[in-house]
Amino acid sequence: MSNTDFALAVEDLTVSFDGFKAIDNLTLYVDKNELRVIIGPNGAGKTTLLDLICGKTRASHGSIKFKNQEMTKLAEHRIVRAGIGRKFQTPSIYENLSVFKNLEVSFPRGRSVFGALAFQCDDEVKQRVQAVADEIGLGDQLETEAGLLSHGQKQWLEIGMLLMQEPELLMLDEPIAGMSVRERELTAELLQRICQGRSVIVIEHDMDFVKRIAHKVTVMHQGKILAEGSMDEVQNDPKVIDVYLGH
Ligand SMILES: Nc1ncnc2c1ncn2[C@@H]1O[C@H](COP(=O)(O)OP(=O)(O)OP(=O)(O)O)[C@@H](O)[C@H]1O
């Protein structure tokens with residue numbers, strides 16, 4: 001494939017587990033500043049697709065290009081460094097550290113041991129921590145121990161930890177699971193803000209939430225793309241109603 005303007009270009013991607021194709025010759029393009037939601041029934045391959053993009057799982061076949069750079073052969077940390085951040089369902093924050101410290105440790109340090117050692121918490125880091133904390137709605141909770149935050153706040157903190165690295169593609173797996181109604185609203189607003197400077201891919205089952213946030217929806221089924229388009233388009237697609245929304 002030649003170079004494209006897409007942030008992410010996935011082409012002919014396949015992964016087999018013992019002969020079973022969890023992702024089957026899938027092609028998907030995501031624009032810069034786009035918020036894409038992936039929906040589909042259990043076992044459709046949604047999580048596996050994100051695992052492939054972030055390098056946790058290796059493709060059997062096909063290509064994943066991020067800003068025109070091939071990702072399929074890169075180690076996971078190189079994919080992170082290329083600008084891809086991934087949030088899993090369970091938060092992996094440091095419960096006994098403050099919000100400030102959690103964000104501070106996520107600031108990308110110098111790449112060498114010396115860089116890391118010589119690094120001090122200077123104004124640049126403090127400013128970024130404050131900016132990210134404000135973005136995730138925890139700007140006045142910097143000294144709070146992370147373990148004392150609500151479930152929703154912990155999820156936002158983890159998003160903040162990813163934002164500290166300024167990813168150009170952020171991937172989130174069911175970000176509102178377990179959240180209160182108010183937390184869901186705030187998460188929708190947060191996602192709308194953070195996709196203004198980057199692409200975001202969200203896996204989600206809650207259709208009201210999908211309607212609120214999605215620029216475009218991709219429906220997966222049996223490792224393939226069943227439909228793609230606006231929420232209205234996919235919602236009225238008989239194939240989608242048949243395998244997913246009608247149930
Ligand atoms: N490492 C693995 N080894 C074997 N099979 C796997 C592996 N990872 C995923 N699968 C299988 O691939 C299929 C797709 O799973 P995946 O978790 O990607 O689906 P999903 O669309 O995210 O589903 P859900 O909505 O339930 O999270 C499932 O049948 C699953 O059992």
# chains A, B, ... in the order shown; residues from 1 in each chain; ligands from 1
>>> residues_around(residues="Glu70 in chain A", least_positions_apart="2", cutoff="12 Å", atoms="only C-alpha atoms", output="list of chain:residue names")
A:Met1, A:Ser2, A:Asn3, A:Ala7, A:Leu8, A:Ala9, A:Val10, A:Glu11, A:Ile53, A:Cys54, A:Gly55, A:Gly62, A:Ser63, A:Ile64, A:Lys65, A:Phe66, A:Lys67, A:Asn68, A:Thr72, A:Lys73, A:Leu74, A:Ala75, A:Arg78, A:Ile79, A:Ala82
>>> write_last_selection(atoms="C-alpha atoms", output="compact mmCIF listing (two decimals), in the first residue's frame")
# COMPACT_ATOMS: atom_id res chain seq x y z
CA MET A 1 0.00 0.00 0.00
CA SER A 2 1.21 3.52 -0.70
CA ASN A 3 1.23 6.29 1.90
CA ALA A 7 -3.78 7.92 11.05
CA LEU A 8 -4.29 4.15 11.08
CA ALA A 9 -4.52 1.83 8.10
CA VAL A 10 -5.23 -1.83 8.85
CA GLU A 11 -5.23 -3.99 5.74
CA ILE A 53 -2.73 -2.95 16.95
CA CYS A 54 -0.84 -2.50 20.24
CA GLY A 55 1.44 -5.49 19.57
CA GLY A 62 -1.64 -8.44 6.87
CA SER A 63 -0.54 -4.93 7.68
CA ILE A 64 -1.10 -2.33 10.40
CA LYS A 65 0.25 1.08 9.47
CA PHE A 66 0.26 3.96 11.90
CA LYS A 67 1.18 7.27 10.28
CA ASN A 68 2.43 5.16 7.37
CA THR A 72 3.19 -5.52 12.87
CA LYS A 73 6.85 -6.35 13.49
CA LEU A 74 7.53 -3.80 16.25
CA ALA A 75 7.89 -4.68 19.94
CA ARG A 78 8.19 0.62 20.27
CA ILE A 79 4.51 0.81 19.34
CA ALA A 82 5.38 5.50 18.00
>>> residues_near_ligand(ligand="ligand 1", cutoff="10 Å", atoms="only C-alpha atoms and all ligand atoms", output="PyMOL selection string")
chain A and resi 15-23+38-52+56-57+173-174+203-205+219-223
>>> residues_around(residues="Ser106 in chain A", least_positions_apart="5", cutoff="9 Å", atoms="only C-alpha atoms", output="PyMOL selection string")
chain A and resi 101+160-165
>>> atom_distance(atom1="CA of Leu97 in chain A", atom2="CA of Ala146 in chain A")
6.0 Å
>>> atom_distance(atom1="CA of Ser180 in chain A", atom2="CA of Leu245 in chain A")
23.2 Å
>>> select_by_dssp(residues="range 52-204 of chain A", states="alpha helix (DSSP H)", output="PyMOL selection string")
chain A and resi 52-53+76-82+99-105+113-118+123-135+151-163+181-194
>>> atom_distance(atom1="CA of Glu145 in chain A", atom2="CA of Val129 in chain A")
15.2 Å
>>> closest_residue(among="A:Asp242, A:Arg184, A:Glu124, A:Gln235", to="Arg212 in chain A", atoms="only C-alpha atoms")
A:Arg184
>>> select_by_dssp(residues="chain A", states="strand (DSSP E)", output="ChimeraX atom specification")
/A:8-17,20-30,35-39,61-66,69-70,84-87,169-173,199-203,216-221,224-229
>>> write_last_selection(atoms="C-alpha atoms", output="PDB file, in the first residue's frame")
ATOM      1  CA  LEU A   8      -4.295   4.155  11.082  1.00  0.00           C
ATOM      2  CA  ALA A   9      -4.525   1.832   8.095  1.00  0.00           C
ATOM      3  CA  VAL A  10      -5.232  -1.825   8.850  1.00  0.00           C
ATOM      4  CA  GLU A  11      -5.229  -3.987   5.737  1.00  0.00           C
ATOM      5  CA  ASP A  12      -5.994  -7.665   5.152  1.00  0.00           C
ATOM      6  CA  LEU A  13      -5.324  -8.415   8.811  1.00  0.00           C
ATOM      7  CA  THR A  14      -5.685 -12.006   9.927  1.00  0.00           C
ATOM      8  CA  VAL A  15      -4.862 -13.832  13.134  1.00  0.00           C
ATOM      9  CA  SER A  16      -5.491 -17.510  13.708  1.00  0.00           C
ATOM     10  CA  PHE A  17      -5.564 -19.296  17.037  1.00  0.00           C
ATOM     11  CA  PHE A  20      -9.608 -20.421  14.195  1.00  0.00           C
ATOM     12  CA  LYS A  21      -9.528 -16.993  12.554  1.00  0.00           C
ATOM     13  CA  ALA A  22     -10.364 -14.507  15.325  1.00  0.00           C
ATOM     14  CA  ILE A  23      -9.590 -11.707  12.837  1.00  0.00           C
ATOM     15  CA  ASP A  24     -10.282 -12.634   9.248  1.00  0.00           C
ATOM     16  CA  ASN A  25      -8.826 -10.530   6.435  1.00  0.00           C
ATOM     17  CA  LEU A  26      -9.974  -7.280   8.039  1.00  0.00           C
ATOM     18  CA  THR A  27      -9.405  -3.837   6.520  1.00  0.00           C
ATOM     19  CA  LEU A  28     -10.081  -0.667   8.502  1.00  0.00           C
ATOM     20  CA  TYR A  29      -9.003   2.966   8.203  1.00  0.00           C
ATOM     21  CA  VAL A  30      -9.176   5.571  10.956  1.00  0.00           C
ATOM     22  CA  LEU A  35     -13.456   8.981  17.350  1.00  0.00           C
ATOM     23  CA  ARG A  36     -14.296   5.522  16.049  1.00  0.00           C
ATOM     24  CA  VAL A  37     -16.439   3.105  18.001  1.00  0.00           C
ATOM     25  CA  ILE A  38     -16.248  -0.638  17.383  1.00  0.00           C
ATOM     26  CA  ILE A  39     -19.307  -2.663  18.307  1.00  0.00           C
ATOM     27  CA  HIS A  61      -1.024 -12.011   7.994  1.00  0.00           C
ATOM     28  CA  GLY A  62      -1.644  -8.439   6.866  1.00  0.00           C
ATOM     29  CA  SER A  63      -0.538  -4.934   7.684  1.00  0.00           C
ATOM     30  CA  ILE A  64      -1.105  -2.330  10.402  1.00  0.00           C
ATOM     31  CA  LYS A  65       0.253   1.080   9.472  1.00  0.00           C
ATOM     32  CA  PHE A  66       0.256   3.965  11.903  1.00  0.00           C
ATOM     33  CA  GLN A  69       4.822   3.174   9.548  1.00  0.00           C
ATOM     34  CA  GLU A  70       4.403  -0.606   9.683  1.00  0.00           C
ATOM     35  CA  ILE A  84      -0.233   4.358  20.297  1.00  0.00           C
ATOM     36  CA  GLY A  85      -1.736   4.160  23.808  1.00  0.00           C
ATOM     37  CA  ARG A  86      -4.047   1.415  25.032  1.00  0.00           C
ATOM     38  CA  LYS A  87      -6.246   1.310  28.085  1.00  0.00           C
ATOM     39  CA  LEU A 169      -3.927   7.095  18.804  1.00  0.00           C
ATOM     40  CA  LEU A 170      -5.686   6.127  22.013  1.00  0.00           C
ATOM     41  CA  MET A 171      -7.592   2.835  22.294  1.00  0.00           C
ATOM     42  CA  LEU A 172     -10.106   2.168  25.057  1.00  0.00           C
ATOM     43  CA  ASP A 173     -11.890  -1.096  25.822  1.00  0.00           C
ATOM     44  CA  SER A 199      -7.537   9.564  16.952  1.00  0.00           C
ATOM     45  CA  VAL A 200      -9.483   7.483  19.453  1.00  0.00           C
ATOM     46  CA  ILE A 201     -10.834   3.946  19.076  1.00  0.00           C
ATOM     47  CA  VAL A 202     -13.405   2.784  21.622  1.00  0.00           C
ATOM     48  CA  ILE A 203     -14.936  -0.675  22.026  1.00  0.00           C
ATOM     49  CA  LYS A 216     -18.256   6.605  12.833  1.00  0.00           C
ATOM     50  CA  VAL A 217     -19.184   3.086  13.938  1.00  0.00           C
ATOM     51  CA  THR A 218     -17.603  -0.180  12.803  1.00  0.00           C
ATOM     52  CA  VAL A 219     -19.619  -3.325  13.413  1.00  0.00           C
ATOM     53  CA  MET A 220     -17.580  -6.516  13.706  1.00  0.00           C
ATOM     54  CA  HIS A 221     -18.842 -10.060  13.414  1.00  0.00           C
ATOM     55  CA  LYS A 224     -14.798  -9.432   9.886  1.00  0.00           C
ATOM     56  CA  ILE A 225     -16.379  -6.048   9.345  1.00  0.00           C
ATOM     57  CA  LEU A 226     -20.119  -6.442   8.991  1.00  0.00           C
ATOM     58  CA  ALA A 227     -20.965  -2.762   8.506  1.00  0.00           C
ATOM     59  CA  GLU A 228     -19.430   0.667   8.861  1.00  0.00           C
ATOM     60  CA  GLY A 229     -20.867   4.183   8.841  1.00  0.00           C
TER      61      GLY A 229
END
